[in-house]
Structures are given as C-alpha cells and as structure tokens.
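Note: the block below is upload.txt and it holds compact mmCIF, C-alpha atoms.
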```
# COMPACT_ATOMS: atom_id res chain seq x y z
CA ALA X 1 -51.24 -45.25 29.16
CA GLY X 2 -48.28 -47.47 28.31
CA ASP X 3 -49.22 -47.55 24.64
CA SER X 4 -45.94 -47.42 22.71
CA ALA X 5 -47.76 -46.52 19.48
CA ALA X 6 -49.34 -43.53 21.20
CA TYR X 7 -45.90 -42.53 22.49
CA LEU X 8 -44.52 -42.48 18.95
CA LEU X 9 -47.43 -40.33 17.81
CA LEU X 10 -47.40 -37.87 20.70
CA GLU X 11 -43.68 -37.56 21.43
CA PRO X 12 -41.40 -35.84 18.89
CA LEU X 13 -38.75 -38.08 17.33
CA PRO X 14 -35.22 -37.30 18.54
CA MET X 15 -34.05 -37.18 14.90
CA SER X 16 -35.48 -36.67 11.41
CA PHE X 17 -36.66 -39.63 9.35
CA ASP X 18 -33.69 -39.21 7.00
CA GLN X 19 -31.32 -39.28 9.98
CA LEU X 20 -33.15 -42.32 11.37
CA ILE X 21 -32.63 -44.23 8.11
CA LEU X 22 -28.91 -43.37 8.04
CA SER X 23 -28.58 -44.20 11.72
CA VAL X 24 -30.10 -47.67 11.27
CA LYS X 25 -27.83 -48.31 8.26
CA SER X 26 -24.84 -47.22 10.34
CA PHE X 27 -25.94 -49.49 13.20
CA VAL X 28 -26.13 -52.50 10.89
CA SER X 29 -22.70 -51.78 9.37
CA ALA X 30 -20.93 -51.76 12.75
CA PRO X 31 -19.09 -54.92 13.87
CA GLN X 32 -21.23 -57.52 15.68
CA ALA X 33 -24.28 -55.23 15.50
CA LEU X 34 -26.79 -57.91 14.57
CA SER X 35 -25.41 -60.44 17.04
CA SER X 36 -25.56 -58.05 19.99
CA SER X 37 -28.10 -58.67 22.77
CA GLU X 38 -28.39 -54.92 23.35
CA PRO X 39 -31.96 -53.72 22.59
CA LEU X 40 -32.28 -51.33 19.66
CA THR X 41 -33.51 -47.99 20.95
CA PHE X 42 -33.07 -44.36 19.94
CA SER X 43 -30.40 -43.99 22.63
CA THR X 44 -28.38 -46.94 21.29
CA LEU X 45 -28.55 -45.91 17.63
CA PRO X 46 -25.39 -44.31 16.21
CA ILE X 47 -25.24 -40.52 16.04
CA VAL X 48 -25.94 -39.09 12.58
CA GLU X 49 -24.92 -35.52 11.88
CA ALA X 50 -25.48 -33.28 8.88
CA ALA X 51 -23.25 -34.24 5.94
CA GLU X 52 -20.13 -32.12 5.55
CA GLU X 53 -18.83 -31.01 2.16
CA SER X 54 -15.47 -32.37 1.06
CA ILE X 55 -12.60 -29.97 1.66
CA THR X 56 -11.07 -30.63 -1.74
CA ASN X 57 -11.97 -32.17 -5.06
CA ALA X 58 -8.40 -33.22 -5.83
CA GLU X 59 -9.00 -36.91 -5.20
CA ASN X 60 -11.93 -36.94 -7.63
CA ILE X 61 -9.80 -35.83 -10.59
CA ASN X 62 -8.35 -38.51 -12.85
CA PRO X 63 -4.91 -37.21 -13.95
CA ASN X 64 -5.02 -39.31 -17.13
CA THR X 65 -8.33 -37.91 -18.44
CA ASN X 66 -7.90 -34.15 -18.01
CA GLY X 67 -10.26 -34.17 -15.07
CA PHE X 68 -13.06 -36.22 -16.69
CA THR X 69 -13.55 -39.80 -15.50
CA ALA X 70 -15.06 -42.31 -17.90
CA THR X 71 -17.93 -44.45 -16.60
CA SER X 72 -16.94 -48.05 -15.97
CA THR X 73 -17.82 -50.98 -13.77
CA ALA X 74 -14.87 -50.15 -11.54
CA GLY X 75 -16.03 -46.53 -11.46
CA LYS X 76 -19.49 -47.59 -10.37
CA LYS X 77 -18.01 -49.76 -7.61
CA ASN X 78 -15.86 -46.87 -6.41
CA SER X 79 -18.92 -44.61 -6.51
CA ALA X 80 -20.90 -47.08 -4.40
CA LYS X 81 -18.00 -47.29 -1.95
CA LYS X 82 -17.84 -43.49 -1.67
CA ASP X 83 -21.63 -43.34 -1.13
CA ALA X 84 -21.26 -45.80 1.75
CA GLU X 85 -18.42 -43.75 3.23
CA THR X 86 -20.51 -40.57 2.89
CA ASN X 87 -23.45 -42.17 4.70
CA ASP X 88 -21.16 -43.57 7.38
CA PRO X 89 -17.53 -42.40 7.27
CA ALA X 90 -16.70 -44.99 9.93
CA SER X 91 -17.32 -47.81 7.42
CA VAL X 92 -13.64 -47.39 6.42
CA VAL X 93 -12.63 -48.19 10.00
CA TYR X 94 -15.01 -51.13 10.32
CA ALA X 95 -13.45 -52.73 7.22
CA ILE X 96 -10.10 -53.13 9.03
CA PRO X 97 -10.15 -56.05 11.50
CA GLU X 98 -7.63 -54.49 13.91
CA LEU X 99 -9.75 -51.32 14.19
CA ALA X 100 -13.17 -53.00 14.00
CA ALA X 101 -12.35 -54.63 17.33
CA LEU X 102 -12.68 -51.19 18.97
CA GLY X 103 -16.46 -51.32 18.47
CA ARG X 104 -18.79 -48.62 17.22
CA VAL X 105 -17.50 -45.13 16.41
CA PHE X 106 -19.31 -42.37 18.31
CA ARG X 107 -18.85 -39.75 15.58
CA SER X 108 -16.55 -38.89 12.69
CA SER X 109 -15.28 -35.38 12.08
CA LYS X 110 -15.22 -33.50 8.82
CA ARG X 111 -11.99 -33.70 6.87
CA VAL X 112 -9.14 -31.47 7.97
CA ALA X 113 -6.53 -30.41 5.40
CA LEU X 114 -2.91 -30.95 6.45
CA THR X 115 -1.39 -29.69 3.17
CA GLU X 116 -2.32 -27.28 0.42
CA SER X 117 -4.31 -28.91 -2.39
CA GLU X 118 -1.60 -28.06 -4.99
CA THR X 119 1.30 -29.81 -3.24
CA GLU X 120 3.00 -32.98 -4.53
CA TYR X 121 1.50 -35.00 -1.68
CA VAL X 122 -2.03 -34.01 -0.65
CA VAL X 123 -2.95 -35.10 2.87
CA SER X 124 -6.11 -34.67 4.94
CA CYS X 125 -7.42 -36.29 8.11
CA ILE X 126 -10.74 -37.59 9.48
CA LYS X 127 -11.01 -38.12 13.24
CA HIS X 128 -13.11 -41.14 14.26
CA VAL X 129 -14.00 -40.68 17.91
CA TYR X 130 -14.62 -43.35 20.57
CA ALA X 131 -15.07 -42.95 24.32
CA ASP X 132 -11.42 -43.77 25.04
CA HIS X 133 -9.75 -43.82 21.60
CA ILE X 134 -9.47 -41.77 18.42
CA VAL X 135 -8.70 -43.41 15.09
CA LEU X 136 -7.05 -40.90 12.77
CA GLN X 137 -7.66 -41.69 9.11
CA PHE X 138 -5.09 -39.93 6.92
CA LEU X 139 -6.05 -39.69 3.24
CA VAL X 140 -2.86 -39.41 1.18
CA GLN X 141 -2.79 -38.59 -2.54
CA ASN X 142 0.31 -39.00 -4.72
CA THR X 143 0.45 -36.40 -7.52
CA ILE X 144 3.96 -37.18 -8.88
CA ASP X 145 3.81 -39.27 -12.06
CA ASP X 146 7.29 -40.86 -11.77
CA GLN X 147 6.93 -41.97 -8.14
CA ARG X 148 5.16 -44.69 -6.21
CA LEU X 149 4.97 -44.26 -2.46
CA ASP X 150 5.52 -47.41 -0.37
CA ASN X 151 4.95 -48.07 3.34
CA VAL X 152 3.22 -44.72 3.89
CA SER X 153 2.58 -43.62 7.47
CA VAL X 154 2.15 -40.46 9.53
CA CYS X 155 4.51 -39.92 12.45
CA MET X 156 2.93 -37.90 15.26
CA GLU X 157 4.43 -36.23 18.31
CA ALA X 158 2.23 -34.70 21.00
CA ASP X 159 2.83 -31.09 21.98
CA ASN X 160 2.66 -31.41 25.79
CA SER X 161 -0.56 -33.49 25.75
CA GLU X 162 -1.29 -35.68 28.78
CA VAL X 163 -4.70 -36.71 27.43
CA PHE X 164 -3.66 -38.70 24.34
CA GLU X 165 -0.95 -41.22 23.54
CA VAL X 166 -0.10 -42.80 20.18
CA THR X 167 -0.53 -46.56 20.64
CA GLY X 168 -0.61 -47.95 17.09
CA GLU X 169 -0.50 -47.30 13.37
CA ILE X 170 -1.49 -49.00 10.12
CA PRO X 171 0.52 -47.82 7.08
CA ALA X 172 -0.65 -47.76 3.47
CA GLU X 173 1.21 -50.44 1.55
CA ASN X 174 1.70 -48.34 -1.60
CA ILE X 175 0.18 -45.31 -3.34
CA PRO X 176 0.66 -45.14 -7.14
CA TYR X 177 0.46 -41.86 -9.04
CA GLY X 178 -2.98 -40.24 -9.02
CA GLU X 179 -4.40 -42.46 -6.28
CA THR X 180 -5.55 -41.65 -2.76
CA LYS X 181 -5.18 -44.26 -0.01
CA ASN X 182 -5.55 -44.38 3.76
CA CYS X 183 -3.14 -44.87 6.60
CA PHE X 184 -4.20 -44.83 10.25
CA VAL X 185 -2.93 -43.80 13.67
CA LEU X 186 -4.57 -44.95 16.91
CA LEU X 187 -4.65 -42.60 19.90
CA GLN X 188 -5.47 -43.78 23.42
CA ARG X 189 -7.35 -41.27 25.58
CA ASN X 190 -6.64 -41.01 29.30
CA VAL X 191 -10.24 -40.80 30.58
CA ASP X 192 -9.04 -39.82 34.07
CA ILE X 193 -7.88 -36.43 32.74
CA ALA X 194 -10.37 -33.78 31.60
CA LEU X 195 -10.33 -33.07 27.89
CA SER X 196 -8.48 -29.98 26.76
CA PRO X 197 -7.15 -28.83 23.38
CA SER X 198 -4.21 -30.94 22.19
CA SER X 199 -1.87 -30.42 19.25
CA PHE X 200 0.28 -32.94 17.37
CA ASN X 201 3.24 -32.36 15.09
CA CYS X 202 2.72 -34.51 11.99
CA GLU X 203 5.16 -35.78 9.38
CA LEU X 204 4.51 -38.06 6.40
CA HIS X 205 6.99 -40.97 6.19
CA PHE X 206 7.31 -43.19 3.10
CA THR X 207 9.66 -44.88 0.68
CA VAL X 208 9.93 -43.35 -2.78
CA VAL X 209 10.04 -45.86 -5.64
CA GLN X 210 11.05 -44.34 -8.98
CA VAL X 211 8.72 -45.63 -11.72
CA ASP X 212 8.23 -45.24 -15.45
CA PRO X 213 5.53 -42.54 -15.87
CA VAL X 214 3.85 -44.49 -18.68
CA SER X 215 3.94 -48.10 -17.48
CA GLY X 216 4.21 -47.47 -13.74
CA GLU X 217 6.93 -50.13 -13.52
CA PRO X 218 9.73 -49.54 -11.01
CA GLU X 219 12.99 -48.13 -12.33
CA GLY X 220 15.84 -46.24 -10.76
CA ASP X 221 16.46 -45.56 -7.10
CA THR X 222 14.45 -46.31 -3.97
CA PHE X 223 14.94 -44.07 -0.95
CA PRO X 224 13.18 -43.08 2.32
CA GLU X 225 11.52 -39.68 2.46
CA GLU X 226 9.89 -37.44 5.05
CA TYR X 227 7.38 -34.70 4.30
CA PRO X 228 6.22 -32.14 6.91
CA LEU X 229 2.49 -31.66 7.45
CA GLU X 230 0.44 -29.06 9.27
CA ASP X 231 -0.12 -29.65 12.97
CA LEU X 232 -3.28 -31.58 13.83
CA GLY X 233 -5.45 -30.30 16.66
CA ILE X 234 -7.87 -32.31 18.78
CA ALA X 235 -10.48 -30.29 20.65
CA THR X 236 -13.18 -31.09 23.18
CA SER X 237 -15.70 -30.26 20.45
CA ASP X 238 -14.47 -33.33 18.51
CA PHE X 239 -16.26 -35.38 21.19
CA MET X 240 -19.54 -33.52 20.66
CA ALA X 241 -22.16 -34.49 18.05
CA LYS X 242 -24.62 -31.94 16.65
CA ILE X 243 -28.12 -33.10 17.60
CA ASN X 244 -31.46 -31.37 16.99
CA VAL X 245 -34.12 -31.28 19.69
CA GLY X 246 -37.77 -30.71 18.85
CA ASP X 247 -38.50 -28.57 21.91
CA PHE X 248 -35.46 -26.79 23.34
CA ARG X 249 -37.22 -25.29 26.37
CA ARG X 250 -38.68 -28.64 27.38
CA SER X 251 -35.32 -30.41 26.99
CA TRP X 252 -33.59 -27.62 28.93
CA GLU X 253 -36.00 -27.99 31.84
CA GLN X 254 -35.83 -31.80 31.79
CA ILE X 255 -32.05 -31.78 32.29
CA GLY X 256 -32.38 -29.34 35.16
CA ASN X 257 -29.71 -27.20 36.80
CA GLY X 258 -28.17 -29.81 39.10
CA ASN X 259 -24.97 -29.94 37.02
CA GLU X 260 -25.21 -26.49 35.46
CA VAL X 261 -22.09 -24.43 34.86
CA LEU X 262 -22.34 -20.65 34.47
CA GLU X 263 -19.57 -18.52 32.99
CA LYS X 264 -19.01 -15.02 31.67
CA PHE X 265 -16.42 -14.13 29.01
CA ALA X 266 -15.20 -10.97 27.28
CA LEU X 267 -14.56 -11.88 23.64
CA GLN X 268 -12.65 -9.81 21.11
CA PHE X 269 -15.09 -9.88 18.19
CA LYS X 270 -16.19 -6.83 16.22
CA SER X 271 -19.82 -7.88 16.00
CA VAL X 272 -22.40 -10.07 17.72
CA GLU X 273 -22.80 -12.02 14.46
CA GLU X 274 -19.11 -12.97 14.44
CA ALA X 275 -19.28 -13.98 18.10
CA VAL X 276 -22.35 -16.18 17.54
CA SER X 277 -20.61 -18.05 14.70
CA ALA X 278 -17.47 -18.46 16.81
CA VAL X 279 -19.32 -19.83 19.85
CA ILE X 280 -21.09 -22.40 17.66
CA GLU X 281 -17.71 -23.42 16.22
CA PHE X 282 -15.99 -23.55 19.63
CA LEU X 283 -18.63 -25.84 21.13
CA GLY X 284 -19.36 -27.97 18.06
CA MET X 285 -23.08 -28.00 18.86
CA GLN X 286 -26.32 -27.62 16.90
CA PRO X 287 -28.14 -24.24 16.94
CA CYS X 288 -31.83 -24.55 17.84
CA ASP X 289 -34.92 -22.46 17.12
CA GLY X 290 -33.12 -20.44 14.43
CA THR X 291 -31.04 -18.70 17.10
CA GLU X 292 -27.91 -18.85 14.95
CA LEU X 293 -29.39 -15.85 13.10
CA VAL X 294 -29.02 -12.46 14.76
CA LYS X 295 -31.97 -10.11 14.25
CA THR X 296 -30.93 -6.80 12.75
CA SER X 297 -33.89 -5.12 14.45
CA SER X 298 -32.82 -6.09 17.98
CA GLY X 299 -32.12 -2.49 18.90
CA GLY X 300 -28.82 -3.39 20.54
CA LYS X 301 -30.34 -5.96 22.91
CA PRO X 302 -28.22 -9.06 23.69
CA HIS X 303 -28.81 -12.05 21.43
CA MET X 304 -29.86 -15.39 22.93
CA LEU X 305 -28.29 -18.50 21.35
CA HIS X 306 -29.65 -22.02 22.03
CA LEU X 307 -27.45 -25.05 21.34
CA SER X 308 -27.91 -28.81 21.74
CA GLY X 309 -25.55 -31.72 21.35
CA MET X 310 -24.61 -35.21 22.40
CA PHE X 311 -21.29 -35.68 24.21
CA VAL X 312 -19.37 -38.95 23.83
CA GLY X 313 -21.07 -41.58 25.97
CA ASN X 314 -24.50 -40.48 24.67
CA MET X 315 -24.83 -37.65 27.17
CA SER X 316 -27.19 -34.82 26.20
CA VAL X 317 -25.79 -31.31 26.55
CA MET X 318 -27.76 -28.06 26.33
CA VAL X 319 -26.41 -24.52 26.19
CA ARG X 320 -27.99 -21.09 26.53
CA ALA X 321 -25.67 -18.26 25.60
CA GLN X 322 -26.40 -14.54 25.84
CA ILE X 323 -24.18 -12.49 23.54
CA GLY X 324 -24.17 -8.70 23.49
CA LYS X 325 -21.92 -5.77 22.70
CA ASP X 326 -19.52 -4.67 25.41
CA PRO X 327 -20.65 -1.22 26.66
CA SER X 328 -17.08 -0.02 26.18
CA ASN X 329 -17.26 -1.09 22.50
CA THR X 330 -14.11 -3.19 22.84
CA GLY X 331 -15.77 -6.48 21.89
CA VAL X 332 -18.67 -8.61 23.08
CA ILE X 333 -19.79 -10.09 26.39
CA LEU X 334 -20.77 -13.76 26.51
CA LYS X 335 -22.82 -15.18 29.37
CA ILE X 336 -23.16 -18.94 29.03
CA ALA X 337 -25.08 -21.66 30.88
CA VAL X 338 -24.23 -25.32 30.19
CA ARG X 339 -26.44 -28.18 31.37
CA SER X 340 -25.85 -31.93 31.25
CA ASP X 341 -26.16 -34.95 33.53
CA ASP X 342 -22.49 -34.70 34.54
CA SER X 343 -20.90 -31.62 36.10
CA GLY X 344 -17.51 -32.61 34.64
CA VAL X 345 -18.94 -32.63 31.12
CA SER X 346 -20.65 -29.27 31.70
CA ARG X 347 -17.32 -27.85 32.84
CA MET X 348 -15.40 -29.24 29.85
CA VAL X 349 -17.96 -27.77 27.44
CA ALA X 350 -17.85 -24.35 29.12
CA ASP X 351 -14.06 -24.43 28.94
CA CYS X 352 -14.25 -24.75 25.14
CA ILE X 353 -14.63 -20.98 24.97
CA THR X 354 -11.20 -19.53 24.28
```
When written as structure tokens, how does the structure in this file appear?
Amino acid sequence: AGDSAAYLLLEPLPMSFDQLILSVKSFVSAPQALSSSEPLTFSTLPIVEAAEESITNAENINPNTNGFTATSTAGKKNSAKKDAETNDPASVVYAIPELAALGRVFRSSKRVALTESETEYVVSCIKHVYADHIVLQFLVQNTIDDQRLDNVSVCMEADNSEVFEVTGEIPAENIPYGETKNCFVLLQRNVDIALSPSSFNCELHFTVVQVDPVSGEPEGDTFPEEYPLEDLGIATSDFMAKINVGDFRRSWEQIGNGNEVLEKFALQFKSVEEAVSAVIEFLGMQPCDGTELVKTSSGGKPHMLHLSGMFVGNMSVMVRAQIGKDPSNTGVILKIAVRSDDSGVSRMVADCIT
C-alpha cells in the first residue's frame, strides 16, 4: 500500500509511452517550465494528440528548383525547426515574447485552409487554445515572383460573437516570393459566457512591393492591398483534446452521473456509419474500444459509440452515444450521455451536436 512503483505497474498509464515522451518535451519547451514550483504529474503534463497531416504541400515546394529542394545546412536547420513544430506546434507561439507571456497552450488544432492551394496568396490557420485566449497563427505564402509582401496581417470581424474579442495582432514584417511566414491574432474569450460556434470574416492586409523577379530588389510602385479569405470558425470542439483511456467502463463509472447530460437528436444522415463519423467530428473526441467501426453484422441494432477527451482546464469528459436508424427511414436517431465533473461542460459538449 502506498508504493508508487506498484501503482505504476498496476495502474494503466493515461497515455502511450510515445505520447509521454512528446508531452515531456512539450512541457520543457514551455515558458518558465523548469523554474515552476508546480509538481510534474500526469495531470500537469501538456496534452499530446495524434499528429495531423498537413493540409497542403505548397509550402514545401521550392519554386526555384522545380519542386526539388537541395540539401544544405540551412535546409537541415529548417527541417529541425519543422520537426520541433510537428512535435509541439505551440513552439512557434513560445518563441514570441509577447505571446509566451500567456503561458502554456492547452492544445493546437490542425491547420485550416482559408484559400485554395493554387491562389496567388496561400493562407491557412492553426488555432492555439488557452483557457481564456486563442492565438491564431496564420501561415501566409507568397507565390508571385515580382512581389514582396510587407506588413502582412489578417483583419478579423466577428459575426455576432459575444464569446470572443480581437485584442491584439502581430504582423509579418515581409514575405518574399516563395516563402511562408506567420502573422498572429489574439482573441480574448469571455469565460462567463458558454462556448458556442463563432464565425469570423477574415481579410488579408499587406503592402505590395514590386521587385525584380531575379534579384528580388525593390523596383516600381508600392501600394496597400486587401485579399479576402474564407471565414474562420471556432467551435466548442476546439477546446477539446482527444485522449485515450485504457478502460472506458471504469473511467465512465469513476466520473459518475452527478453532472451527466442526456439528449436525443434526429439527424439527417443516410447511414449509421456517416452519423458515427459526424458525431466524432462534432465533439472532437477520441473513439474508444474500436467503437468508431460499425459492425456490418449488427442486424439493424443501434450502434454504441464510446468517446473520451480532455476539455480545456484538464477536465475529463466521457460520452456514450447510441446511434440507430430512424424507424421511419428518414435518418438516424442519436441518444447521447455526456459525463464530466462540471455540468456546464457536459452541457456545452452535448450542444456540439448540430
């Protein structure tokens, strides 16, 4: 009794060893991590989710080498930098003093495209989520050989959102042809208002500097320019990290039903398989026990989906969802139970179903 070594042997780890290694590396990279008096425990380690594939390969193509990049010292440095960003996307934020002061990022989203990959300016966004802020990292690529983009920023206007307010921005100083650089927007979250889907109108603002395509030296006119982007959405699921649990039933019972929320929805999907994929996407949670796969031999019985996650603030959330065909064959019926240690969080997660 009380033997910590025995605990480690008998209790399942809350994450895989690979995730543990990445989590410790992420912990060390965060500002003031090593000087903090906070004890290092599994609950204080940063959340590590499964790596997401890049949405586009455009930024990896060197326009001067027909798509093939020669190996160089600079190339190796850039490769090492990208590896660090892949292991911990928030390392980009930590490198900027004004943003590092916000503390440790809870989670970073996958990249969201805000333009087509063939346009003259290719823009995507990564959302770095905190308890009461979101740092939006806009990756901007210039594909026009006779232009340099100076003072590049993204102007955002909320579409009737009371939850978020733009409180700061950091522009990119300049973006030469063929390069991708970051600019940032800081959103403040009103924690007194329950999260709900928000949408922002986005527009790229910059100064165009005409340059010689060969030398890159400025020549000709300089003028301000605006370029419309796709709207950027922020959902409650952005505040949810996908977390595996070793024993779903045990974790479900440990949370208990004190803050449980039960709901029933009629969803317009043609099949149970489509509905299962959509529910996973809506909630942004991790399927457990292989329940993301619908058995073809179920004989028409409802499918049971188990999901686990960690809501911002390191709050465990568990979901059991029963999904079956509507008897009238007009769609599917979803019965969902959400458990957490906070009834408000359980309600916000249940309300993700749209």
Quick one, how far is atom CA of Tyr94 of chain X from atom CA of Arg111 of chain X?
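Straight-line distance from atom CA of Tyr94 of chain X to atom CA of Arg111 of chain X works out to 18.0 Å.
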Excluding Phe311 of chain X and residues on its chain fewer than 3 positions from it, collect all residues at most 7 Å away from it, counting all atoms listed in the file, and give them as a ChimeraX atom specification.
/X:239-241,314-317
Residues from last step as file, C-alpha atoms, as a tab-separated table (two decimals), in the coordinates of the input:
```tsv
chain	number	residue	atom	x	y	z
X	239	PHE	CA	-16.26	-35.38	21.19
X	240	MET	CA	-19.54	-33.52	20.66
X	241	ALA	CA	-22.16	-34.49	18.05
X	314	ASN	CA	-24.50	-40.48	24.67
X	315	MET	CA	-24.83	-37.65	27.17
X	316	SER	CA	-27.19	-34.82	26.20
X	317	VAL	CA	-25.79	-31.31	26.55
```
Option closest in space to Asn329 of chain X, from X:Val272, X:Ala113, X:Leu293, X:Leu307 [counting only C-alpha atoms]:
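Answer, going by the shortest atom-to-atom distance: X:Val272.
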Given all atoms listed in the file as the basis, pick out the residue of X:Val122, X:Leu305, X:Ala158, X:Leu195 nearest to Gln141 of chain X.
X:Val122
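When atom CA of Gly300 of chain X is paired with atom CA of Leu267 of chain X, their separation reads 16.9 Å.
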For atom CA of Lys110 of chain X and atom CA of Lys264 of chain X, determine how far apart the two atoms are, in Å to one decimal place.
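Going from atom CA of Lys110 of chain X over to atom CA of Lys264 of chain X, I get 29.6 Å.
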Counting only C-alpha atoms, which of X:Asp145, X:Glu120, X:Glu157, X:Asp341 gets nearest to Val214 of chain X?
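Nearest candidate to Val214 of chain X out of X:Asp145, X:Glu120, X:Glu157, X:Asp341: X:Asp145.
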For Asn182 of chain X, please output as a PyMOL selection string all residues within 10 Å (counting only C-alpha atoms; exclusion window: fewer than 6 positions along the same chain).
chain X and resi 92+123-125+136-141+152-153+170-175
